[in-house]
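Asker: Below is the file coords_26.txt, with compact mmCIF, C-alpha atoms and all ligand atoms.
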```txt
# COMPACT_ATOMS: atom_id res chain seq x y z
CA MET A 1 19.26 32.21 21.74
CA ALA A 2 17.26 29.63 23.60
CA GLU A 3 19.04 26.57 24.83
CA LYS A 4 18.69 23.47 22.60
CA MET A 5 16.66 20.73 24.17
CA ARG A 6 15.37 17.33 23.16
CA LEU A 7 11.67 17.23 22.76
CA THR A 8 9.67 14.20 21.71
CA ILE A 9 6.46 15.48 20.30
CA GLY A 10 3.51 13.16 20.11
CA LEU A 11 3.32 9.42 20.71
CA VAL A 12 5.71 6.82 19.36
CA THR A 13 4.95 3.11 19.17
CA LYS A 14 6.77 -0.06 18.12
CA PRO A 15 6.16 -1.47 14.60
CA GLY A 16 3.69 -4.28 14.01
CA THR A 17 2.69 -4.51 17.67
CA THR A 18 -1.03 -4.93 16.97
CA MET A 19 -0.13 -8.59 16.39
CA GLN A 20 -0.02 -9.10 20.13
CA TYR A 21 -3.76 -8.43 20.20
CA HIS A 22 -5.78 -11.37 18.94
CA THR A 23 -8.85 -10.20 17.04
CA GLY A 24 -9.92 -13.85 16.72
CA GLY A 25 -11.82 -13.32 19.97
CA TRP A 26 -14.31 -11.11 18.10
CA ARG A 27 -15.74 -13.72 15.80
CA THR A 28 -19.02 -15.60 15.84
CA TYR A 29 -18.15 -17.75 12.81
CA ARG A 30 -14.79 -19.16 11.86
CA ALA A 31 -13.53 -19.71 8.32
CA VAL A 32 -12.67 -23.37 7.85
CA ILE A 33 -10.80 -24.42 4.71
CA ASN A 34 -11.46 -27.85 3.25
CA GLN A 35 -7.98 -28.96 2.22
CA GLU A 36 -9.35 -31.55 -0.19
CA LYS A 37 -11.11 -28.89 -2.20
CA CYS A 38 -8.50 -26.10 -1.93
CA ILE A 39 -6.69 -25.44 -5.23
CA GLY A 40 -4.17 -23.02 -3.70
CA CYS A 41 -5.26 -19.98 -5.71
CA ARG A 42 -4.51 -17.50 -2.86
CA ARG A 43 -7.77 -15.65 -3.38
CA CYS A 44 -8.72 -16.01 0.30
CA ALA A 45 -5.36 -14.61 1.43
CA ASP A 46 -5.62 -11.72 -1.04
CA SER A 47 -9.14 -10.77 0.00
CA CYS A 48 -8.87 -11.04 3.80
CA PRO A 49 -8.58 -7.61 5.50
CA ASP A 50 -6.96 -9.34 8.47
CA GLY A 51 -4.26 -11.39 6.78
CA ALA A 52 -5.54 -14.59 8.36
CA PRO A 53 -5.33 -17.16 5.51
CA PHE A 54 -1.83 -18.42 4.78
CA GLU A 55 -0.09 -21.10 2.75
CA CYS A 56 0.39 -24.08 5.08
CA ALA A 57 0.98 -27.17 2.95
CA HIS A 58 1.60 -28.57 -0.51
CA ASP A 59 0.24 -31.89 -1.70
CA GLY A 60 2.85 -32.26 -4.45
CA LYS A 61 0.58 -30.61 -7.01
CA LYS A 62 -1.07 -27.70 -5.29
CA LYS A 63 -0.52 -25.28 -2.47
CA LYS A 64 -2.94 -25.57 0.42
CA PHE A 65 -4.20 -22.76 2.60
CA CYS A 66 -5.07 -22.62 6.31
CA VAL A 67 -6.49 -19.88 8.51
CA ASN A 68 -4.69 -18.25 11.41
CA TYR A 69 -7.39 -18.18 14.08
CA ASP A 70 -5.55 -15.61 16.17
CA TYR A 71 -6.71 -13.01 13.65
CA CYS A 72 -9.73 -14.34 11.69
CA LYS A 73 -12.66 -12.07 12.56
CA GLY A 74 -15.15 -14.30 10.77
CA CYS A 75 -16.31 -11.75 8.21
CA GLY A 76 -16.91 -14.39 5.52
CA ILE A 77 -15.26 -12.55 2.62
CA CYS A 78 -12.90 -15.47 1.92
CA ALA A 79 -15.75 -17.99 1.89
CA TYR A 80 -17.68 -15.80 -0.56
CA GLU A 81 -14.66 -15.23 -2.80
CA CYS A 82 -13.23 -18.78 -2.90
CA PRO A 83 -13.75 -19.98 -6.49
CA VAL A 84 -14.20 -23.65 -5.52
CA ASP A 85 -16.31 -23.24 -2.38
CA ALA A 86 -13.63 -24.74 -0.19
CA ILE A 87 -14.35 -22.48 2.80
CA ASP A 88 -17.14 -22.99 5.30
CA MET A 89 -18.19 -20.50 7.93
CA ALA A 90 -18.69 -22.63 11.03
CA VAL A 91 -20.28 -21.35 14.23
CA GLU A 92 -17.55 -20.64 16.78
CA GLU A 93 -17.80 -22.87 19.84
CA LYS A 94 -16.47 -21.07 22.87
CA MET B 1 2.99 -17.48 7.78
CA ALA B 2 1.65 -14.77 5.50
CA ALA B 3 0.25 -12.72 8.34
CA LEU B 4 3.68 -12.33 9.91
CA GLU B 5 5.27 -10.89 6.78
CA ASP B 6 2.66 -8.19 6.20
CA LEU B 7 3.92 -4.62 6.48
CA TYR B 8 0.43 -3.72 7.61
CA ALA B 9 0.14 -6.17 10.49
CA SER B 10 -2.86 -8.19 11.61
CA GLY B 11 -4.45 -7.42 14.95
CA HIS B 12 -5.60 -4.00 13.74
CA ARG B 13 -9.01 -3.01 15.01
CA ALA B 14 -11.03 -2.48 11.82
CA CYS B 15 -14.52 -4.01 11.80
CA ALA B 16 -14.82 -7.53 10.37
CA GLY B 17 -15.10 -7.26 6.58
CA CYS B 18 -13.76 -3.69 6.33
CA GLY B 19 -12.78 -2.92 2.71
CA CYS B 20 -10.58 -0.03 3.84
CA ALA B 21 -8.41 -2.32 5.98
CA LEU B 22 -8.04 -4.60 2.95
CA PHE B 23 -6.89 -1.50 1.08
CA LEU B 24 -4.08 -0.87 3.61
CA LYS B 25 -3.00 -4.50 3.65
CA THR B 26 -2.91 -4.75 -0.13
CA LEU B 27 -1.26 -1.35 -0.54
CA MET B 28 1.63 -2.34 1.71
CA ARG B 29 2.05 -5.64 -0.14
CA VAL B 30 2.42 -3.69 -3.38
CA ALA B 31 4.41 -0.71 -2.11
CA GLY B 32 7.00 -2.66 -0.08
CA PRO B 33 9.19 -1.45 2.78
CA ASP B 34 10.87 1.61 1.26
CA VAL B 35 7.99 3.97 1.97
CA ILE B 36 7.03 6.65 4.47
CA VAL B 37 3.32 6.88 5.16
CA THR B 38 1.30 9.80 6.45
CA ASN B 39 -2.29 9.33 7.55
CA SER B 40 -5.05 11.82 8.19
CA THR B 41 -7.45 11.42 11.08
CA GLY B 42 -10.10 8.82 10.40
CA CYS B 43 -10.91 5.14 10.66
CA MET B 44 -7.69 3.82 9.13
CA GLU B 45 -5.58 5.99 11.40
CA VAL B 46 -7.56 4.96 14.47
CA VAL B 47 -7.80 1.22 13.83
CA SER B 48 -4.13 0.89 12.87
CA THR B 49 -2.69 2.63 15.93
CA PRO B 50 -4.51 1.71 19.15
CA TYR B 51 -1.89 3.20 21.52
CA PRO B 52 0.58 1.79 22.53
CA GLU B 53 0.32 -0.58 19.56
CA SER B 54 0.76 0.01 15.83
CA ALA B 55 -0.04 -2.16 12.83
CA TRP B 56 2.55 -0.34 10.73
CA LYS B 57 5.96 -1.82 10.01
CA VAL B 58 7.10 1.18 7.97
CA PRO B 59 7.63 4.78 9.13
CA TRP B 60 4.17 6.22 9.62
CA ILE B 61 2.92 9.51 11.00
CA HIS B 62 -0.43 10.96 11.93
CA SER B 63 -0.59 14.68 12.50
CA LEU B 64 -3.94 16.40 12.10
CA PHE B 65 -7.02 15.78 10.05
CA GLU B 66 -6.45 18.53 7.50
CA ASN B 67 -2.68 18.61 7.03
CA ASN B 68 -1.97 15.08 5.86
CA ALA B 69 -0.88 16.07 2.33
CA PRO B 70 1.40 18.94 3.46
CA VAL B 71 3.04 16.68 6.07
CA ALA B 72 3.82 14.22 3.26
CA ALA B 73 5.10 17.12 1.13
CA GLY B 74 7.28 18.29 4.02
CA ILE B 75 8.77 14.81 4.40
CA GLU B 76 9.48 14.66 0.67
CA ALA B 77 11.09 18.12 0.72
CA ALA B 78 13.20 17.21 3.76
CA LEU B 79 14.38 13.96 2.16
CA LYS B 80 15.42 15.92 -0.93
CA ALA B 81 17.06 18.72 1.03
CA THR B 82 19.13 16.27 3.06
CA GLY B 83 20.06 14.17 0.03
CA ARG B 84 18.26 11.12 1.39
CA LYS B 85 15.40 10.80 -1.10
CA GLY B 86 16.86 7.81 -2.99
CA ASN B 87 14.03 5.47 -4.00
CA THR B 88 11.97 6.17 -0.90
CA LYS B 89 8.34 6.88 -1.76
CA VAL B 90 6.12 9.10 0.30
CA ILE B 91 2.50 8.01 0.46
CA ALA B 92 -0.27 10.07 2.03
CA ILE B 93 -3.44 8.21 2.99
CA GLY B 94 -6.68 10.03 3.70
CA GLY B 95 -10.36 9.21 3.96
CA ASP B 96 -12.93 10.87 1.73
CA GLY B 97 -13.85 13.37 4.46
CA ALA B 98 -10.20 14.35 4.81
CA THR B 99 -9.73 14.52 1.05
CA PHE B 100 -12.95 15.94 -0.37
CA ASP B 101 -13.63 18.41 2.44
CA ILE B 102 -11.38 19.05 5.40
CA GLY B 103 -7.91 18.67 3.83
CA PHE B 104 -9.04 19.74 0.38
CA GLY B 105 -7.37 23.15 0.17
CA LEU B 106 -4.08 21.87 1.55
CA LEU B 107 -4.13 18.89 -0.82
CA SER B 108 -4.66 21.31 -3.69
CA GLY B 109 -1.59 23.28 -2.60
CA VAL B 110 0.56 20.16 -2.52
CA MET B 111 -0.61 19.12 -5.98
CA GLU B 112 0.08 22.61 -7.26
CA ARG B 113 3.63 22.72 -5.86
CA GLY B 114 4.61 19.52 -7.63
CA HIS B 115 5.76 17.45 -4.66
CA ASP B 116 6.78 13.90 -5.48
CA ILE B 117 4.15 12.13 -3.40
CA LEU B 118 1.36 9.64 -3.94
CA TYR B 119 -1.87 10.74 -2.28
CA ILE B 120 -4.42 7.98 -1.87
CA CYS B 121 -7.98 8.65 -0.84
CA TYR B 122 -9.74 5.54 0.45
CA ASP B 123 -13.29 6.37 -0.41
CA ASN B 124 -15.88 4.86 1.92
CA GLU B 125 -18.22 7.73 1.08
CA ALA B 126 -18.80 9.35 4.50
CA TYR B 127 -17.15 10.33 7.78
CA MET B 128 -17.24 6.83 9.21
CA ASN B 129 -15.05 7.07 12.28
CA THR B 130 -17.30 9.64 13.92
CA GLY B 131 -20.51 7.78 13.10
CA ILE B 132 -21.46 8.09 9.40
CA GLN B 133 -21.79 11.81 8.67
CA ARG B 134 -22.18 12.95 5.07
CA SER B 135 -19.06 14.11 3.22
CA GLY B 136 -18.57 15.65 -0.22
CA SER B 137 -18.11 12.10 -1.44
CA THR B 138 -21.40 10.70 -0.17
CA PRO B 139 -23.46 9.61 -3.18
CA TYR B 140 -26.92 10.87 -4.06
CA ASP B 141 -29.74 9.48 -1.87
CA ALA B 142 -27.45 7.67 0.60
CA SER B 143 -28.82 7.92 4.13
CA THR B 144 -26.30 9.15 6.70
CA THR B 145 -26.74 10.49 10.23
CA THR B 146 -26.58 14.08 8.93
CA THR B 147 -28.68 13.35 5.83
CA PRO B 148 -31.15 10.87 7.26
CA ALA B 149 -33.79 9.43 4.97
CA GLY B 150 -37.28 10.05 6.28
CA LYS B 151 -40.44 12.02 5.67
CA MET B 152 -38.47 15.10 4.67
CA SER B 153 -35.94 13.60 2.27
CA PHE B 154 -34.53 10.59 0.48
CA GLY B 155 -31.13 11.02 2.14
CA ASN B 156 -28.18 12.99 0.78
CA GLN B 157 -29.50 15.29 -1.93
CA ARG B 158 -26.18 16.47 -3.38
CA PRO B 159 -24.18 14.62 -6.02
CA LYS B 160 -20.76 13.14 -5.29
CA LYS B 161 -18.03 15.73 -5.82
CA ASN B 162 -15.81 14.97 -8.82
CA VAL B 163 -12.46 15.19 -7.04
CA PRO B 164 -10.45 13.17 -9.59
CA ALA B 165 -11.34 15.75 -12.27
CA ILE B 166 -10.33 18.58 -9.92
CA MET B 167 -7.01 16.84 -9.19
CA ALA B 168 -6.43 16.31 -12.93
CA ALA B 169 -7.12 20.01 -13.49
CA HIS B 170 -4.02 20.74 -11.38
CA GLY B 171 -1.97 19.43 -14.29
CA VAL B 172 -0.48 16.59 -12.25
CA PRO B 173 1.00 13.63 -14.16
CA TYR B 174 -1.27 10.89 -12.80
CA VAL B 175 -4.80 10.62 -11.42
CA ALA B 176 -6.80 7.41 -11.25
CA THR B 177 -9.82 5.78 -9.67
CA THR B 178 -9.75 2.16 -8.62
CA SER B 179 -11.61 -0.24 -6.34
CA MET B 180 -10.79 -2.91 -3.78
CA GLY B 181 -13.28 -5.06 -5.71
CA TYR B 182 -10.62 -5.31 -8.41
CA PRO B 183 -7.31 -6.13 -6.70
CA ALA B 184 -5.46 -6.48 -10.03
CA ASP B 185 -6.62 -3.03 -11.17
CA PHE B 186 -5.63 -1.59 -7.79
CA THR B 187 -2.18 -3.21 -7.86
CA LYS B 188 -1.49 -2.08 -11.41
CA LYS B 189 -2.42 1.53 -10.65
CA VAL B 190 -0.44 1.72 -7.40
CA ARG B 191 2.65 0.36 -9.19
CA LYS B 192 2.18 2.79 -12.04
CA ALA B 193 1.64 5.76 -9.75
CA LEU B 194 4.75 4.91 -7.73
CA SER B 195 6.83 4.75 -10.93
CA ILE B 196 5.90 8.32 -11.92
CA GLU B 197 7.71 11.36 -10.53
CA GLY B 198 5.58 14.23 -9.21
CA PRO B 199 2.20 14.48 -7.46
CA LYS B 200 -0.14 11.56 -8.02
CA TYR B 201 -3.74 11.10 -6.86
CA LEU B 202 -5.42 7.74 -6.48
CA GLN B 203 -9.00 7.26 -5.29
CA VAL B 204 -9.94 3.79 -4.07
CA HIS B 205 -13.54 2.71 -3.57
CA ALA B 206 -13.70 0.69 -0.35
CA THR B 207 -16.57 -0.57 1.77
CA CYS B 208 -17.55 0.38 5.29
CA VAL B 209 -19.63 -2.42 6.83
CA PRO B 210 -21.70 -0.40 9.37
CA GLY B 211 -21.66 2.80 7.29
CA TRP B 212 -23.16 1.17 4.23
CA GLY B 213 -25.19 -1.36 6.19
CA ILE B 214 -23.87 -4.40 4.38
CA ASP B 215 -23.10 -8.04 5.03
CA GLY B 216 -19.31 -8.00 5.42
CA ALA B 217 -18.98 -11.21 3.40
CA LEU B 218 -20.25 -9.27 0.37
CA SER B 219 -17.69 -6.49 0.76
CA LEU B 220 -15.88 -7.16 -2.51
CA GLU B 221 -18.99 -8.26 -4.39
CA ILE B 222 -20.68 -4.94 -3.62
CA LEU B 223 -17.60 -3.01 -4.76
CA ARG B 224 -17.63 -4.96 -8.03
CA LEU B 225 -21.31 -4.11 -8.44
CA ALA B 226 -20.53 -0.39 -8.04
CA VAL B 227 -18.26 -0.72 -11.06
CA GLU B 228 -20.46 -3.12 -13.05
CA THR B 229 -23.45 -0.79 -12.73
CA GLY B 230 -21.47 2.25 -13.88
CA LEU B 231 -21.83 4.05 -10.55
CA TYR B 232 -18.09 3.96 -9.79
CA PRO B 233 -16.21 4.19 -13.10
CA LEU B 234 -12.53 3.18 -13.04
CA TYR B 235 -10.29 5.36 -15.19
CA GLU B 236 -6.88 6.99 -15.45
CA TYR B 237 -5.84 10.53 -16.31
CA GLU B 238 -2.30 11.12 -17.52
CA ASN B 239 -1.23 14.73 -17.77
CA GLY B 240 -4.82 15.91 -17.73
CA GLN B 241 -6.14 13.54 -20.40
CA ILE B 242 -8.23 10.41 -19.78
CA THR B 243 -6.04 7.59 -21.05
CA SER B 244 -7.84 4.45 -19.91
CA VAL B 245 -11.28 3.35 -18.82
CA LYS B 246 -12.38 0.01 -17.43
CA LYS B 247 -15.03 -1.11 -19.90
CA ILE B 248 -18.17 -2.92 -18.79
CA LYS B 249 -19.84 -5.83 -20.53
CA ASN B 250 -23.60 -5.99 -19.94
CA ARG B 251 -23.83 -3.12 -17.49
CA LYS B 252 -26.08 -4.15 -14.57
CA PRO B 253 -29.07 -2.14 -13.31
CA VAL B 254 -28.16 0.07 -10.31
CA LYS B 255 -30.86 -1.69 -8.26
CA GLU B 256 -28.54 -4.70 -7.91
CA TYR B 257 -25.99 -2.47 -6.17
CA LEU B 258 -28.46 -0.47 -4.07
CA ASP B 259 -30.56 -3.31 -2.69
CA LYS B 260 -27.62 -4.84 -0.81
CA GLN B 261 -27.06 -1.76 1.36
CA LYS B 262 -29.09 -0.36 4.25
CA ARG B 263 -28.00 3.18 3.38
CA TYR B 264 -30.31 2.87 0.34
CA SER B 265 -33.02 0.64 1.86
CA HIS B 266 -35.49 3.55 2.13
CA LEU B 267 -35.59 3.72 -1.67
CA PHE B 268 -37.25 0.31 -1.68
CA LYS B 269 -39.81 1.21 1.00
CA MET B 270 -40.77 4.87 0.67
CA PRO B 271 -43.39 6.10 -1.80
CA GLY B 272 -41.54 7.73 -4.67
CA GLY B 273 -38.51 5.51 -4.09
CA ASP B 274 -38.78 4.05 -7.61
CA ARG B 275 -38.39 7.48 -9.12
CA GLU B 276 -35.27 8.04 -7.03
CA ILE B 277 -33.80 4.73 -8.21
CA GLU B 278 -34.46 5.91 -11.75
CA LYS B 279 -32.51 9.09 -10.98
CA ILE B 280 -29.59 6.99 -9.73
CA GLN B 281 -29.84 4.87 -12.87
CA HIS B 282 -29.60 8.12 -14.81
CA ILE B 283 -26.35 8.98 -12.97
CA ALA B 284 -24.93 5.60 -14.02
CA ASP B 285 -26.13 6.13 -17.61
CA LEU B 286 -24.44 9.54 -17.73
CA ASN B 287 -21.21 7.99 -16.42
CA ALA B 288 -21.44 5.32 -19.10
CA LYS B 289 -21.88 7.98 -21.75
CA HIS B 290 -19.18 10.30 -20.41
CA PHE B 291 -16.54 7.58 -19.99
CA ASN B 292 -17.75 5.40 -22.85
CA LEU B 293 -18.04 2.49 -20.42
CA ASP B 294 -20.20 0.05 -22.36
CA ILE B 295 -18.69 -2.63 -24.54
CA GLU B 296 -20.96 -2.89 -27.53
CA GLU B 297 -21.08 -6.44 -28.79
CA LYS B 298 -20.16 -6.47 -32.48
CA ALA B 299 -23.37 -8.24 -33.44
CA THR B 300 -25.56 -5.84 -31.50
CA ALA B 301 -23.77 -2.87 -33.02
CA LYS B 302 -24.59 -4.24 -36.43
CA GLU B 303 -28.18 -4.92 -35.44
CA LYS B 304 -28.42 -1.35 -34.22
CA GLU B 305 -27.12 -0.08 -37.55
CA ALA B 306 -29.64 -2.21 -39.37
CA LYS B 307 -32.40 -0.81 -37.19
CA GLU B 308 -31.33 2.74 -37.80
CA GLU B 309 -31.24 2.33 -41.56
C1 LIG C 401 -10.29 19.20 12.27
C2 LIG C 401 -11.05 17.99 12.74
N1 LIG C 401 -12.37 17.93 12.51
C3 LIG C 401 -13.08 16.86 12.90
C4 LIG C 401 -12.47 15.80 13.54
C5 LIG C 401 -13.28 14.61 14.00
N2 LIG C 401 -13.11 13.44 13.15
C6 LIG C 401 -12.22 12.47 13.46
S1 LIG C 401 -12.25 11.18 12.38
C7 LIG C 401 -13.46 11.91 11.47
C8 LIG C 401 -14.05 11.21 10.26
C9 LIG C 401 -13.10 11.05 9.13
O1 LIG C 401 -13.77 10.78 7.93
P1 LIG C 401 -12.99 10.28 6.67
O2 LIG C 401 -11.87 11.18 6.35
O3 LIG C 401 -13.96 10.03 5.57
O4 LIG C 401 -12.36 8.89 7.16
P2 LIG C 401 -13.18 7.59 7.65
O5 LIG C 401 -13.34 7.70 9.14
O6 LIG C 401 -14.46 7.53 6.93
O7 LIG C 401 -12.29 6.44 7.30
C10 LIG C 401 -13.84 13.15 12.02
C11 LIG C 401 -14.87 14.03 11.50
C12 LIG C 401 -11.07 15.91 13.78
N3 LIG C 401 -10.40 14.92 14.38
N4 LIG C 401 -10.38 17.01 13.37
S1 LIG C 402 -9.61 -19.18 -2.14
FE1 LIG C 402 -10.24 -21.30 -1.81
S2 LIG C 402 -9.14 -22.49 -3.34
FE2 LIG C 402 -8.14 -20.49 -3.25
S3 LIG C 402 -6.47 -20.79 -1.78
FE3 LIG C 402 -8.22 -20.03 -0.61
S4 LIG C 402 -9.30 -21.86 0.11
FE4 LIG C 402 -7.88 -22.51 -1.49
S1 LIG C 403 -13.59 -14.95 7.53
FE1 LIG C 403 -12.81 -12.88 7.09
S2 LIG C 403 -11.26 -12.54 8.69
FE2 LIG C 403 -11.61 -14.76 8.61
S3 LIG C 403 -10.10 -15.53 7.18
FE3 LIG C 403 -11.96 -15.17 6.00
S4 LIG C 403 -11.69 -13.11 5.16
FE4 LIG C 403 -10.22 -13.33 6.85
S1 LIG C 404 -16.38 1.82 10.62
FE1 LIG C 404 -16.22 1.27 8.47
S2 LIG C 404 -14.29 2.12 7.70
FE2 LIG C 404 -14.24 2.14 9.96
S3 LIG C 404 -13.21 0.21 10.50
FE3 LIG C 404 -15.42 -0.20 10.53
S4 LIG C 404 -15.88 -0.95 8.46
FE4 LIG C 404 -13.87 0.02 8.36
MG MG C 405 -14.79 8.20 4.93
```
Show the structure stored in the file as C-alpha cells.
Ligand SMILES: Cc1ncc(C[n+]2csc(CCOP(=O)(O)OP(=O)(O)O)c2C)c(N)n1
Ligand code: SF4
Ligand code: SF4
Ligand code: SF4
Ligand SMILES: [Mg+2]

Answerer:
Amino acid sequence: MAEKMRLTIGLVTKPGTTMQYHTGGWRTYRAVINQEKCIGCRRCADSCPDGAPFECAHDGKKKKFCVNYDYCKGCGICAYECPVDAIDMAVEEK
Amino acid sequence: MAALEDLYASGHRACAGCGCALFLKTLMRVAGPDVIVTNSTGCMEVVSTPYPESAWKVPWIHSLFENNAPVAAGIEAALKATGRKGNTKVIAIGGDGATFDIGFGLLSGVMERGHDILYICYDNEAYMNTGIQRSGSTPYDASTTTTPAGKMSFGNQRPKKNVPAIMAAHGVPYVATTSMGYPADFTKKVRKALSIEGPKYLQVHATCVPGWGIDGALSLEILRLAVETGLYPLYEYENGQITSVKKIKNRKPVKEYLDKQKRYSHLFKMPGGDREIEKIQHIADLNAKHFNLDIEEKATAKEKEAKEE
C-alpha cells in the first residue's frame, strides 16, 4: 500500500479577507445620506450589494444611517430605493 | 458597523449594482453561520474569491463548473456518515449556465438521490462571467454575444427553459422561484427551504448590469418589473404541486420592463420589433393564465359578468 501523505489540494484563503480591499476607489458618485430626512427604515442597507450603509446614530426617536465609503461603489440603488429621498448621489471629488 | 458583521463580506469584486452580489449578501444574512456553501464556476465564484482573498466567512468550496451539486451532496453524505450533520445546512449556489446547462445532469442526479441540500440558482439569464453568452435560461429575443440581434435575427430565438418544473418533476419536497426585487419573498422562501428536509431547489431572478445593459441604480426596480409584467412569475411547488403564487394587481405591459435594458433595445429600433414585443407580451399573458397571476378586482369581475350576460 502506498505511504500516507498530506496533500493540500487547491487553494485555501482566510475568511472575509476581501474587506482589506476598498472598492470605494471604483466610484464616480458617492451615496450621501441626509440625516435630517432619514427615517431609519434600513432599506438602503438591505438593498446595497456591498453592505456599505450602516446604522450610525439614533436621535431619540429614529435610527439614522450612514455610508461606509471604503466599500460604496456608487451604484445608486440605495438612492433609488430610499422611500423618503434622503440619499443623494454626489460626484466624487478625488 | 453592519458591513463588518456580514457573513458575505464587503470588498468583493462584483460590478456596482450587481443583483447577484445582493443575493449572496442577503442569503448569508438569512442563512446564518451554520452552513457549508458550494459554488459553481461563474461570476459569484470569481468576484467572491479573488485569490488570496475571500469574501466568505463560512466554509465555502469551489470545485468545477459542472459538479457543484454533487460536491454539496458529497459534503452532506460525509456529514451524515461521520455523525456531524447536526443542524448544519449545505447550500449549493450556481449560475443559470451552471444550472440549466452545464451542471444540469448532475443536479438531476442529486435531486433524484434525495440529498438534504438546498440548491440555489441565481438567474441572471446568461453566461455573464465569460462575456454574456446565451444559456438555456436566456429569455426570448434577448441579445447576447452568441445570439446577437441584427439583420439576421431579433436575438435569442428559443424560449427560457422551465427548470423549476423539471426540478418539481423529480418529486422533491420544495421548489420555488423568487426575485431579489422582493427581499421579503426571498427571505421567506430561503427560510422555508432550509426548514425542509431533502433536496430543495430555489431560483432567484437577479440582475447583471453589463449583461442586461441597465442602469445599476434601477437593479431592483427592473427585477420588480419582471414580476409585475408577468415575465418572471414567483411561485412555490410543494411535493410536485403548485401551492402558492405571487398575485399581480394591474399587470404592467412588458414594454415597461424591456425598454430599460439594452439587451432588448433592438426591439424598439428594428423594423418588425413591435411584433416581437407583442410575442413577448403573449409569453407574459400565457404565464398569467397558467399561474393565475392576475388579481381581478371584485367590481371588474362583476362588470365582466354583466357584460357576458
Ligand atoms: C466546464 C467549463 N466550461 C466552461 C467554463 C468557462 N466559464 C467560466 S464562468 C462561465 C459562465 C458561467 O455562467 P453562469 O453559470 O450563468 O454564471 P454567471 O457568470 O452568469 O454568474 C463559463 C462559461 C468553465 N470554467 N468550465
Ligand atoms: S433608506 Fe433612506 S430612510 Fe431608510 S434608512 Fe436608508 S437613508 Fe434612511
Ligand atoms: S450607492 Fe450602491 S454601493 Fe453605495 S451605498 Fe448605495 S447601494 Fe451601496
Ligand atoms: S458581470 Fe454581471 S453578474 Fe457578474 S459581477 Fe458584474 S453585474 Fe454581477
Ligand atoms: Mg448567468

Asker: Could you give me, as a ChimeraX atom specification, the residues within 6 Å of Ala52 of chain A, counting all atoms listed in the file and dropping anything in the same chain fewer than 2 positions from it?

Answerer: /A:50,67-68,71-72

Asker: Do you know which residues are within 7 Å of ligand LIG 403 (chain C) using all atoms listed in the file? Can you write them as a PyMOL selection string?

Answerer: (chain A and resi 30-31+44+47-53+67+71-79) or (chain B and resi 16-17)

Asker: Can you check which residues of chain B have any atom within 7 Å of chain A? Use only C-alpha atoms and format it as an NGL selection string.

Answerer: :B and (1-3 or 9-12 or 16-19 or 21-22 or 25 or 52-57 or 216-219)

Asker: One decimal, Å: what's the distance from atom CA of Ala72 of chain B over to atom CA of Leu223 of chain B, could you say?

Answerer: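 So the answer is 28.6 Å.
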
Asker: Quick one: residues within 6 Å of ligand LIG 404 (chain C), with all atoms listed in the file, as a list in words?

Answerer: Ala14, Cys15, Cys18, Cys20, Cys43, Met128, Asn129, Cys208, Val209, Pro210 and Gly211 of chain B

Asker: Output C-alpha atoms for every residue in the selection just made, as a PDB file, in the frame of the given file.

Answerer:
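Writing the result to part-v8.pdb gives the following:
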```
ATOM      1  CA  ALA B  14     -11.030  -2.480  11.820  1.00  0.00           C
ATOM      2  CA  CYS B  15     -14.520  -4.010  11.800  1.00  0.00           C
ATOM      3  CA  CYS B  18     -13.760  -3.690   6.330  1.00  0.00           C
ATOM      4  CA  CYS B  20     -10.580  -0.030   3.840  1.00  0.00           C
ATOM      5  CA  CYS B  43     -10.910   5.140  10.660  1.00  0.00           C
ATOM      6  CA  MET B 128     -17.240   6.830   9.210  1.00  0.00           C
ATOM      7  CA  ASN B 129     -15.050   7.070  12.280  1.00  0.00           C
ATOM      8  CA  CYS B 208     -17.550   0.380   5.290  1.00  0.00           C
ATOM      9  CA  VAL B 209     -19.630  -2.420   6.830  1.00  0.00           C
ATOM     10  CA  PRO B 210     -21.700  -0.400   9.370  1.00  0.00           C
ATOM     11  CA  GLY B 211     -21.660   2.800   7.290  1.00  0.00           C
TER      12      GLY B 211
END
```

Asker: So, with all atoms listed in the file as the atoms that count, which of B:Val90, B:Leu194, B:Cys121, B:Ala169 lies closest to ligand MG 405 (chain C)?

Answerer: B:Cys121

Asker: Draw an axis-aligned box over all listed atoms of ligand LIG 401 (chain C), pad each side with 6 Å, and write its centre and edge lengths in Å, one decimal, as AutoDock Vina command-line options.

Answerer:
```
--center_x -12.6 --center_y 12.8 --center_z 10.0 --size_x 16.6 --size_y 24.8 --size_z 20.8
```

Asker: Could you please extract the residues within 7 Å of ligand LIG 401 (chain C), counting only C-alpha atoms and all ligand atoms, and hand them back as a PyMOL selection string?

Answerer: chain B and resi 41-44+64-66+94-99+102+124-130+135

Asker: Mind giving me the straight-line distance from atom CA of Gly272 of chain B to atom CA of Phe291 of chain B in Å, one decimal?

Answerer: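 Separating atom CA of Gly272 of chain B from atom CA of Phe291 of chain B is a distance of 29.3 Å.
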
Asker: To one decimal place in Å, what is the distance between atom CA of Glu5 of chain B and atom CA of Ala31 of chain B?

Answerer: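 Those two atoms sit 13.5 Å apart.
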
Asker: Counting all atoms listed in the file, what residues are within 8 Å of ligand LIG 402 (chain C), given as a list in words?

Answerer: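 The distance check yields Ile33, Asn34, Gln35, Lys37, Cys38, Ile39, Gly40, Cys41, Arg42, Arg43, Cys44, Ala45, Pro53, Glu55, Lys63, Lys64, Phe65, Cys66, Cys78, Ala79, Glu81, Cys82, Pro83, Val84, Asp85, Ala86 and Ile87 of chain A.
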
Asker: Mind checking which residues fall within 12 Å of Pro159 of chain B, counting all atoms listed in the file, ignoring those fewer than 4 positions away in the same chain, and posting them as a list in words?

Answerer: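 Here the qualifying residues turn out to be Glu125, Arg134, Ser135, Gly136, Ser137, Thr138, Pro139, Tyr140, Asp141, Ala142, Gly155, Val163, Leu231, Lys279, Ile280 and Ile283 of chain B.
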
Asker: Dump as a ChimeraX atom specification all residues having an atom at most 9 Å from (0.9, 18.0, -4.5), computed in the file's coordinates with all atoms listed in the file.

Answerer: /B:69-70,73,106-119,170,172,198-201

Asker: Report as a PyMOL selection string all protein, DNA and RNA residues lying within 10 Å of Gly273 of chain B, evaluated on only C-alpha atoms, omitting residues in the same chain fewer than 5 positions from it.

Answerer: chain B and resi 141+154+264-268+278-279

Asker: Rank nothing, just name the residue among A:Gly25, A:Lys4, A:Val91, A:Ile9 nearest to Tyr69 of chain A, using only C-alpha atoms.

Answerer: A:Gly25
